[in-house]
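Worksheet: one structure, shown below.
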Amino acid sequence: ANAHALEHADSRLKRDREVVLAAVLQDGNALAFALESVRNDDIFMISAVAKQASVLQYAGERLRSNAEVVLGAIKSDPSVFRFATPSLREDRDFILRALQANVDTYEHIVGYLRSDRVITLMAVKANGL
């Protein structure tokens, strides 16, 4: 299966959450072709992100600014930190929570925040260095 199957589907199917989730499980990029109403559906996206963290990139801004949604994705894939809204990516408290969820998030943190003693200390301790 590939992401483009959903691209060429009828709009009725692009808003069918069951069809979209099945496509996303085959290829997370399929979400790019779902209707915006599906991509902005909190319940659907939380479920999709839990199954495939990388789909966070296709979520609406409201969801990408939701700390719980982003943290859920970070647990399985720290690289999705980059899809969080700038306000979250620069929020020190959120970063500390992200490091607790997955210490590998540290390599995706904005440079100036890496000079924060508490953030760096948490990352070092978690890595057992």
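The way I read the labels, and the way they are meant: chains A, B, ... in the order of the structure tokens, residue 1 as the first residue of every chain, and ligand 1 as the first ligand shown, with later ones counted on from there.
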Any idea what's packed within 8 Å of stretch 106-112 of chain A, counting only C-alpha atoms, ignoring anything in its chain fewer than 4 positions away? Could you give it as a PyMOL selection string?
chain A and resi 78-79+81-82+89-90+95+99+116+120+123
List as a PyMOL selection string the protein and nucleic acid residues near A:Leu88, meaning an atom at most 12 Å away when only C-alpha atoms are counted, but skip any in the same chain fewer than 2 places from it.
chain A and resi 61-71+81-86+90-98+109-110
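Between atom CA of A:Gln52 and atom CA of A:Met122 lies a distance of 26.7 Å.
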Using the chain letters and numbers from this document, which residues of chain A does DSSP assign to alpha helix (DSSP H), as a PyMOL selection string?
chain A and resi 4-7+11-14+17-26+36-39+42-51+61-64+67-76+86-89+92-101+117-126
Output C-alpha atoms for every residue in the selection just made, as a short mmCIF file (atom, residue, chain, number, x, y, z; two decimals), in the first residue's frame.
data_model
loop_
_atom_site.label_atom_id
_atom_site.label_comp_id
_atom_site.auth_asym_id
_atom_site.auth_seq_id
_atom_site.Cartn_x
_atom_site.Cartn_y
_atom_site.Cartn_z
CA HIS A 4 -1.17 7.95 -2.78
CA ALA A 5 -4.07 5.50 -2.68
CA LEU A 6 -5.82 7.93 -0.34
CA GLU A 7 -4.80 10.87 -2.52
CA SER A 11 -13.58 12.86 -0.70
CA ARG A 12 -16.16 10.80 1.21
CA LEU A 13 -13.43 8.24 1.90
CA LYS A 14 -10.89 10.94 2.76
CA ARG A 17 -11.77 7.96 9.88
CA GLU A 18 -11.61 4.17 9.61
CA VAL A 19 -10.33 4.33 6.01
CA VAL A 20 -7.83 7.08 6.85
CA LEU A 21 -6.50 5.23 9.91
CA ALA A 22 -6.06 2.04 7.86
CA ALA A 23 -4.10 4.04 5.27
CA VAL A 24 -2.01 5.75 7.98
CA LEU A 25 -1.08 2.40 9.50
CA GLN A 26 0.29 1.36 6.10
CA GLU A 36 -8.52 18.79 7.11
CA SER A 37 -11.52 17.94 9.29
CA VAL A 38 -9.92 14.55 9.99
CA ARG A 39 -6.48 16.05 10.62
CA ASP A 42 -8.45 15.55 18.38
CA ILE A 43 -9.65 12.04 19.12
CA PHE A 44 -8.65 10.69 15.71
CA MET A 45 -5.23 12.35 15.74
CA ILE A 46 -4.41 11.24 19.28
CA SER A 47 -5.17 7.70 18.18
CA ALA A 48 -3.18 8.06 14.94
CA VAL A 49 -0.17 9.62 16.70
CA ALA A 50 -0.20 6.81 19.26
CA LYS A 51 0.07 4.29 16.42
CA GLU A 61 -1.59 23.74 14.88
CA ARG A 62 -3.96 23.30 17.82
CA LEU A 63 -2.91 19.66 18.18
CA ARG A 64 0.76 20.40 17.59
CA ALA A 67 1.60 19.12 25.15
CA GLU A 68 -0.04 15.76 25.87
CA VAL A 69 -0.39 14.88 22.18
CA VAL A 70 3.21 15.84 21.42
CA LEU A 71 4.56 14.04 24.50
CA GLY A 72 2.69 10.90 23.48
CA ALA A 73 4.42 11.02 20.10
CA ILE A 74 7.84 11.80 21.59
CA LYS A 75 7.70 8.66 23.72
CA SER A 76 8.05 6.51 20.62
CA PRO A 86 7.48 26.93 18.35
CA SER A 87 5.85 27.94 21.63
CA LEU A 88 6.13 24.34 22.89
CA ARG A 89 9.61 23.80 21.48
CA ARG A 92 11.42 24.99 29.30
CA ASP A 93 8.86 23.06 31.38
CA PHE A 94 7.63 21.23 28.30
CA ILE A 95 11.20 20.34 27.33
CA LEU A 96 11.83 18.86 30.77
CA ARG A 97 8.68 16.74 30.37
CA ALA A 98 9.78 15.73 26.86
CA LEU A 99 13.14 14.59 28.22
CA GLN A 100 11.34 12.51 30.83
CA ALA A 101 9.24 10.96 28.06
CA ARG A 117 22.03 23.65 33.06
CA VAL A 118 18.92 21.82 34.33
CA ILE A 119 17.94 20.56 30.88
CA THR A 120 21.45 19.32 30.11
CA LEU A 121 21.87 17.78 33.56
CA MET A 122 18.61 15.87 33.15
CA ALA A 123 19.74 14.55 29.76
CA VAL A 124 23.17 13.54 31.09
CA LYS A 125 21.73 11.76 34.14
CA ALA A 126 19.14 9.94 32.03
#
Which of A:Asp16, A:Tyr58, A:Arg114, A:Ala9 sits closest to A:Ala32 [using only C-alpha atoms]
A:Tyr58
Just the number, please: distance in Å from atom CA of A:Val80 to atom CA of A:Thr105, one decimal.
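Atom-to-atom, atom CA of A:Val80 and atom CA of A:Thr105 are spaced 8.7 Å apart.
The interatomic distance for the pair atom CA of A:Ala34 and atom CA of A:Asn102 works out to 29.0 Å.
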